[in-house]
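Participant: First, the structure itself, so that you have it in front of you.
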Amino acid sequence: MKFGKLITYSFLALLIIISVFGLQPFRQTVDADKTLVEQTGVYATEVRRLPDATYLVSVRTTMPNVKADMVRWWFVDFLQTTQHYNWWHPKDHVWMDWENKKPGEIIGASHLVHEYIGSELSKLRIQFVNSSEFFGYDANDKETFVICARVGLLDEKINIAKMCHVVRNTMNGSEMRSRFWLGHVNKRNGNKTIASLKGFIGNTALTRLFVLDKQGAEDLKRHANQEMTFLAELLPNLYEMKKKKIRKKY
């Protein structure tokens, strides 16, 4: 009888642990290092539910005639107005502004945006952080541009996801590998994340299973694929105009 109760209690404890931490509680699901695959052309565009019930959204974009430095220039220097933001995705991008943006810098700045992801208008605060937070080192080099961020709600002081874009030069241009990890919840104070009950509950596997749906992840995959394709078409002419202005200046 006691043995039967022990089995029952053990089973209930196991269910509680799985509902909080997922099936593989010690597995690191923000596997940013795998976005820097040496061989280009093999990165999968996919949506996948991970063992901790987060969603991974991966997108690979081929960018002919676009180099990593051009994408760096777009994010760090050029992107300033809602009109620029609309060029990036004429249908989905509605409004933008910056918070804590310094000329020539991106780390510590937050991109404030209104954009449609699927049929829903999302109001987001995308806070750019040093890539060492994801990779353990600064992953930028001469041939690679890496930009990482914590994604939060604009109207509420809470982060809900993480993201990273890795642009690697190729023979004909570059390839962008984008990753979004949906369901990483943290309360924030300014640019800092802080411990909270809302964050703990939001990061349980059970909450993620109920709150995150595949359709939302698929909508994000489609949106990211479209906007980066637009960017690949837009950048060569914009960057050439920039170089012409510099030549005229001197």
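Letters A, B, ... go to the chains of the structure tokens in the order shown; residues in each chain start at 1; ligands are counted from 1 in the same order.
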Would you tabulate, counting only C-alpha atoms, all residues of segment 62-143 of chain A that have an atom at most 12 Å from an atom of segment 36-58 of chain A, showing the closest pair of atoms and their distance in Å to one decimal, sorted by chain then ascending number, as CSV?
Facilitator:
residue,atom,partner,partner_atom,distance
A:Thr62,CA,A:Gly41,CA,8.3
A:Met63,CA,A:Gly41,CA,11.5
A:Ser131,CA,A:Leu36,CA,12.0
A:Phe134,CA,A:Leu36,CA,11.7
A:Phe135,CA,A:Leu36,CA,9.7
A:Ala139,CA,A:Leu36,CA,8.7
A:Asn140,CA,A:Leu36,CA,10.6
A:Asp141,CA,A:Leu36,CA,11.9
A:Glu143,CA,A:Glu38,CA,11.6
Participant: Please report as a Markdown table every residue of segment 147-224 of chain A lying within 10 Å of segment 102-109 of chain A, along with the nearest atom pair and their distance in Å (one decimal), using only C-alpha atoms.
Facilitator:
| residue | atom | partner | partner_atom | distance |
| --- | --- | --- | --- | --- |
| A:Ile147 | CA | A:Ile107 | CA | 8.7 |
| A:Cys148 | CA | A:Ile107 | CA | 8.9 |
| A:Ala149 | CA | A:Ile107 | CA | 9.0 |
| A:Asn191 | CA | A:Gly108 | CA | 7.4 |
Participant: Quick one: write out the picked residues with N, CA and C atoms as an mmCIF file, in the first residue's frame?
Facilitator:
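Output file result25.cif follows:
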data_model
loop_
_atom_site.group_PDB
_atom_site.id
_atom_site.type_symbol
_atom_site.label_atom_id
_atom_site.label_comp_id
_atom_site.auth_asym_id
_atom_site.auth_seq_id
_atom_site.Cartn_x
_atom_site.Cartn_y
_atom_site.Cartn_z
ATOM 1 N N ILE A 147 23.674 40.616 -34.883
ATOM 2 C CA ILE A 147 22.879 41.541 -34.079
ATOM 3 C C ILE A 147 21.863 40.725 -33.273
ATOM 4 N N CYS A 148 21.871 40.920 -31.960
ATOM 5 C CA CYS A 148 21.022 40.136 -31.062
ATOM 6 C C CYS A 148 20.160 41.065 -30.220
ATOM 7 N N ALA A 149 19.040 40.552 -29.760
ATOM 8 C CA ALA A 149 18.113 41.421 -29.033
ATOM 9 C C ALA A 149 17.198 40.630 -28.114
ATOM 10 N N ASN A 191 16.663 48.785 -19.243
ATOM 11 C CA ASN A 191 17.274 47.755 -20.073
ATOM 12 C C ASN A 191 17.634 46.497 -19.291
#
Participant: Within segment 24-112 of chain A, find each residue whose DSSP state, derived from the backbone, is helix (DSSP H, G or I), and express the selection as an mmCIF file with N, CA and C atoms, in the first residue's frame.
Facilitator:
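Produced file part-v4.cif, reproduced below:
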data_model
loop_
_atom_site.group_PDB
_atom_site.id
_atom_site.type_symbol
_atom_site.label_atom_id
_atom_site.label_comp_id
_atom_site.auth_asym_id
_atom_site.auth_seq_id
_atom_site.Cartn_x
_atom_site.Cartn_y
_atom_site.Cartn_z
ATOM 1 N N ALA A 32 22.432 29.680 -29.648
ATOM 2 C CA ALA A 32 22.858 30.696 -30.615
ATOM 3 C C ALA A 32 24.102 30.269 -31.385
ATOM 4 N N ASP A 33 24.959 29.451 -30.780
ATOM 5 C CA ASP A 33 26.190 29.060 -31.469
ATOM 6 C C ASP A 33 25.899 28.329 -32.775
ATOM 7 N N LYS A 34 24.766 27.634 -32.847
ATOM 8 C CA LYS A 34 24.450 26.869 -34.050
ATOM 9 C C LYS A 34 23.985 27.755 -35.200
ATOM 10 N N THR A 35 23.760 29.038 -34.935
ATOM 11 C CA THR A 35 23.411 29.930 -36.038
ATOM 12 C C THR A 35 24.646 30.283 -36.867
ATOM 13 N N ALA A 68 27.833 41.836 -45.470
ATOM 14 C CA ALA A 68 27.520 41.977 -44.049
ATOM 15 C C ALA A 68 27.637 43.427 -43.594
ATOM 16 N N ASP A 69 28.620 44.158 -44.109
ATOM 17 C CA ASP A 69 28.801 45.562 -43.717
ATOM 18 C C ASP A 69 27.609 46.430 -44.125
ATOM 19 N N MET A 70 26.959 46.059 -45.217
ATOM 20 C CA MET A 70 25.798 46.817 -45.671
ATOM 21 C C MET A 70 24.627 46.632 -44.710
ATOM 22 N N VAL A 71 24.447 45.421 -44.202
ATOM 23 C CA VAL A 71 23.381 45.175 -43.235
ATOM 24 C C VAL A 71 23.697 45.890 -41.921
ATOM 25 N N ARG A 72 24.978 45.887 -41.548
ATOM 26 C CA ARG A 72 25.399 46.628 -40.347
ATOM 27 C C ARG A 72 25.058 48.115 -40.503
ATOM 28 N N TRP A 73 25.355 48.686 -41.656
ATOM 29 C CA TRP A 73 25.057 50.097 -41.927
ATOM 30 C C TRP A 73 23.564 50.367 -41.838
ATOM 31 N N TRP A 74 22.743 49.457 -42.360
ATOM 32 C CA TRP A 74 21.295 49.619 -42.331
ATOM 33 C C TRP A 74 20.790 49.750 -40.898
ATOM 34 N N PHE A 75 21.203 48.844 -40.037
ATOM 35 C CA PHE A 75 20.722 48.847 -38.654
ATOM 36 C C PHE A 75 21.347 49.966 -37.827
ATOM 37 N N VAL A 76 22.644 50.164 -37.963
ATOM 38 C CA VAL A 76 23.377 51.060 -37.067
ATOM 39 C C VAL A 76 23.233 52.523 -37.468
ATOM 40 N N ASP A 77 23.227 52.805 -38.780
ATOM 41 C CA ASP A 77 23.278 54.187 -39.244
ATOM 42 C C ASP A 77 22.048 54.665 -40.013
ATOM 43 N N PHE A 78 21.530 53.838 -40.925
ATOM 44 C CA PHE A 78 20.523 54.348 -41.859
ATOM 45 C C PHE A 78 19.112 54.387 -41.292
ATOM 46 N N THR A 82 10.052 56.303 -39.821
ATOM 47 C CA THR A 82 8.972 55.387 -40.175
ATOM 48 C C THR A 82 8.968 55.104 -41.676
ATOM 49 N N GLN A 83 9.337 56.103 -42.482
ATOM 50 C CA GLN A 83 9.419 55.879 -43.930
ATOM 51 C C GLN A 83 10.463 54.821 -44.264
ATOM 52 N N HIS A 84 11.642 54.915 -43.641
ATOM 53 C CA HIS A 84 12.661 53.884 -43.846
ATOM 54 C C HIS A 84 12.132 52.510 -43.427
ATOM 55 N N TYR A 85 11.456 52.489 -42.299
ATOM 56 C CA TYR A 85 10.923 51.242 -41.765
ATOM 57 C C TYR A 85 9.874 50.648 -42.706
ATOM 58 N N ASN A 86 9.077 51.518 -43.312
ATOM 59 C CA ASN A 86 8.069 51.070 -44.258
ATOM 60 C C ASN A 86 8.698 50.494 -45.527
ATOM 61 N N TRP A 87 9.820 51.055 -45.960
ATOM 62 C CA TRP A 87 10.529 50.489 -47.107
ATOM 63 C C TRP A 87 10.915 49.033 -46.839
ATOM 64 N N TRP A 88 11.242 48.745 -45.595
ATOM 65 C CA TRP A 88 11.696 47.416 -45.203
ATOM 66 C C TRP A 88 10.596 46.368 -45.396
#
Participant: Report the residues of segment 30-149 of chain A whose backbone DSSP state falls under strand (DSSP E or B), written as a count of residues only.
Facilitator: 46
Participant: Counting only C-alpha atoms, which residue out of A:Thr207, A:Arg188, A:Gly183, A:Asn169 sits closest to Lys142 of chain A?
Facilitator: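 Using only C-alpha atoms, the shortest distance to Lys142 of chain A belongs to A:Asn169.
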Participant: With a distance cut-off of 6 Å and only C-alpha atoms, select the neighbouring residues of segment 95-101 of chain A, excluding the residue or stretch itself and same-chain residues fewer than 3 positions from it, and output the selection as a short mmCIF file (atom, residue, chain, number, x, y, z; two decimals) with N, CA and C atoms, in the first residue's frame.
Facilitator:
data_model
loop_
_atom_site.label_atom_id
_atom_site.label_comp_id
_atom_site.auth_asym_id
_atom_site.auth_seq_id
_atom_site.Cartn_x
_atom_site.Cartn_y
_atom_site.Cartn_z
N THR A 82 10.05 56.30 -39.82
CA THR A 82 8.97 55.39 -40.18
C THR A 82 8.97 55.10 -41.68
N ALA A 109 20.54 50.30 -27.54
CA ALA A 109 19.39 51.00 -28.12
C ALA A 109 18.20 50.05 -28.22
N SER A 110 17.01 50.62 -28.17
CA SER A 110 15.79 49.83 -28.33
C SER A 110 14.99 50.35 -29.51
N HIS A 111 14.65 49.45 -30.41
CA HIS A 111 13.84 49.78 -31.59
C HIS A 111 12.38 49.63 -31.20
N LEU A 112 11.63 50.72 -31.22
CA LEU A 112 10.22 50.73 -30.86
C LEU A 112 9.40 50.63 -32.14
N VAL A 113 8.58 49.59 -32.26
CA VAL A 113 7.91 49.36 -33.54
C VAL A 113 6.46 48.97 -33.35
N HIS A 114 5.66 49.31 -34.39
CA HIS A 114 4.33 48.75 -34.58
C HIS A 114 4.40 48.00 -35.91
#
Participant: Return the single residue from A:His184, A:His223, A:Lys214, A:Lys67 that is closest to Phe145 of chain A, with distances computed using only C-alpha atoms.
Facilitator: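 Nearest candidate to Phe145 of chain A out of A:His184, A:His223, A:Lys214, A:Lys67: A:Lys67.
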Participant: Separation of atom CA of Gln127 of chain A and atom CA of Gly152 of chain A, in Å?
Facilitator: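 Between atom CA of Gln127 of chain A and atom CA of Gly152 of chain A the gap works out to 7.8 Å.
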Participant: Might you pull out every residue within 9 Å of Glu233 of chain A, with only C-alpha atoms counted and same-chain residues fewer than 6 positions away left off, and present them as a list in words?
Facilitator: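 Answer for this query is Met63, Pro64, Asn65 and Val66 of chain A.
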Participant: So how many Å separate atom CA of Phe128 of chain A and atom CA of Val59 of chain A, to one decimal?
Facilitator: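 Pair atom CA of Phe128 of chain A / atom CA of Val59 of chain A returns 19.0 Å.
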Participant: Can you tell me how far atom CA of Gln226 of chain A sits from atom CA of Glu133 of chain A, in Å to one decimal?
Facilitator: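 Atom CA of Gln226 of chain A sits 27.2 Å away from atom CA of Glu133 of chain A.
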Participant: So that I can see what lies close to Ile117 of chain A, please list as a PDB file with N, CA and C atoms, in the first residue's frame the residues with an atom at most 10 Å from it, counting only C-alpha atoms and leaving out residues fewer than 6 positions away in the same chain.
Facilitator:
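Saved as around30.pdb:
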ATOM      1  N   ASP A  92       3.566  45.404 -43.784  1.00  0.00           N
ATOM      2  CA  ASP A  92       3.481  45.056 -42.362  1.00  0.00           C
ATOM      3  C   ASP A  92       4.040  46.111 -41.423  1.00  0.00           C
ATOM      4  N   HIS A  93       4.997  46.906 -41.878  1.00  0.00           N
ATOM      5  CA  HIS A  93       5.650  47.867 -40.990  1.00  0.00           C
ATOM      6  C   HIS A  93       4.869  49.177 -40.956  1.00  0.00           C
ATOM      7  N   GLY A 216       1.104  31.437 -34.575  1.00  0.00           N
ATOM      8  CA  GLY A 216       1.854  32.657 -34.308  1.00  0.00           C
ATOM      9  C   GLY A 216       3.307  32.529 -34.732  1.00  0.00           C
ATOM     10  N   ALA A 217       3.895  31.366 -34.481  1.00  0.00           N
ATOM     11  CA  ALA A 217       5.279  31.122 -34.886  1.00  0.00           C
ATOM     12  C   ALA A 217       5.405  31.082 -36.411  1.00  0.00           C
ATOM     13  N   GLU A 218       4.433  30.462 -37.063  1.00  0.00           N
ATOM     14  CA  GLU A 218       4.444  30.407 -38.536  1.00  0.00           C
ATOM     15  C   GLU A 218       4.284  31.809 -39.122  1.00  0.00           C
ATOM     16  N   ASP A 219       3.430  32.631 -38.514  1.00  0.00           N
ATOM     17  CA  ASP A 219       3.247  34.010 -38.975  1.00  0.00           C
ATOM     18  C   ASP A 219       4.558  34.785 -38.862  1.00  0.00           C
ATOM     19  N   LEU A 220       5.288  34.576 -37.767  1.00  0.00           N
ATOM     20  CA  LEU A 220       6.567  35.258 -37.589  1.00  0.00           C
ATOM     21  C   LEU A 220       7.579  34.790 -38.624  1.00  0.00           C
ATOM     22  N   LYS A 221       7.603  33.498 -38.903  1.00  0.00           N
ATOM     23  CA  LYS A 221       8.515  32.973 -39.927  1.00  0.00           C
ATOM     24  C   LYS A 221       8.237  33.620 -41.281  1.00  0.00           C
ATOM     25  N   ARG A 222       6.960  33.706 -41.639  1.00  0.00           N
ATOM     26  CA  ARG A 222       6.585  34.309 -42.919  1.00  0.00           C
ATOM     27  C   ARG A 222       6.973  35.791 -42.959  1.00  0.00           C
ATOM     28  N   HIS A 223       6.698  36.496 -41.860  1.00  0.00           N
ATOM     29  CA  HIS A 223       7.020  37.925 -41.793  1.00  0.00           C
ATOM     30  C   HIS A 223       8.518  38.153 -41.919  1.00  0.00           C
ATOM     31  N   ALA A 224       9.326  37.399 -41.168  1.00  0.00           N
ATOM     32  CA  ALA A 224      10.781  37.563 -41.210  1.00  0.00           C
ATOM     33  C   ALA A 224      11.327  37.231 -42.595  1.00  0.00           C
TER      34      ALA A 224
END
Participant: Between A:Arg177, A:Lys198, A:Asp138, A:Leu121, which has the minimum distance to Lys157 of chain A (counting only C-alpha atoms)?
Facilitator: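 Among the listed residues, A:Lys198 lies closest to Lys157 of chain A.
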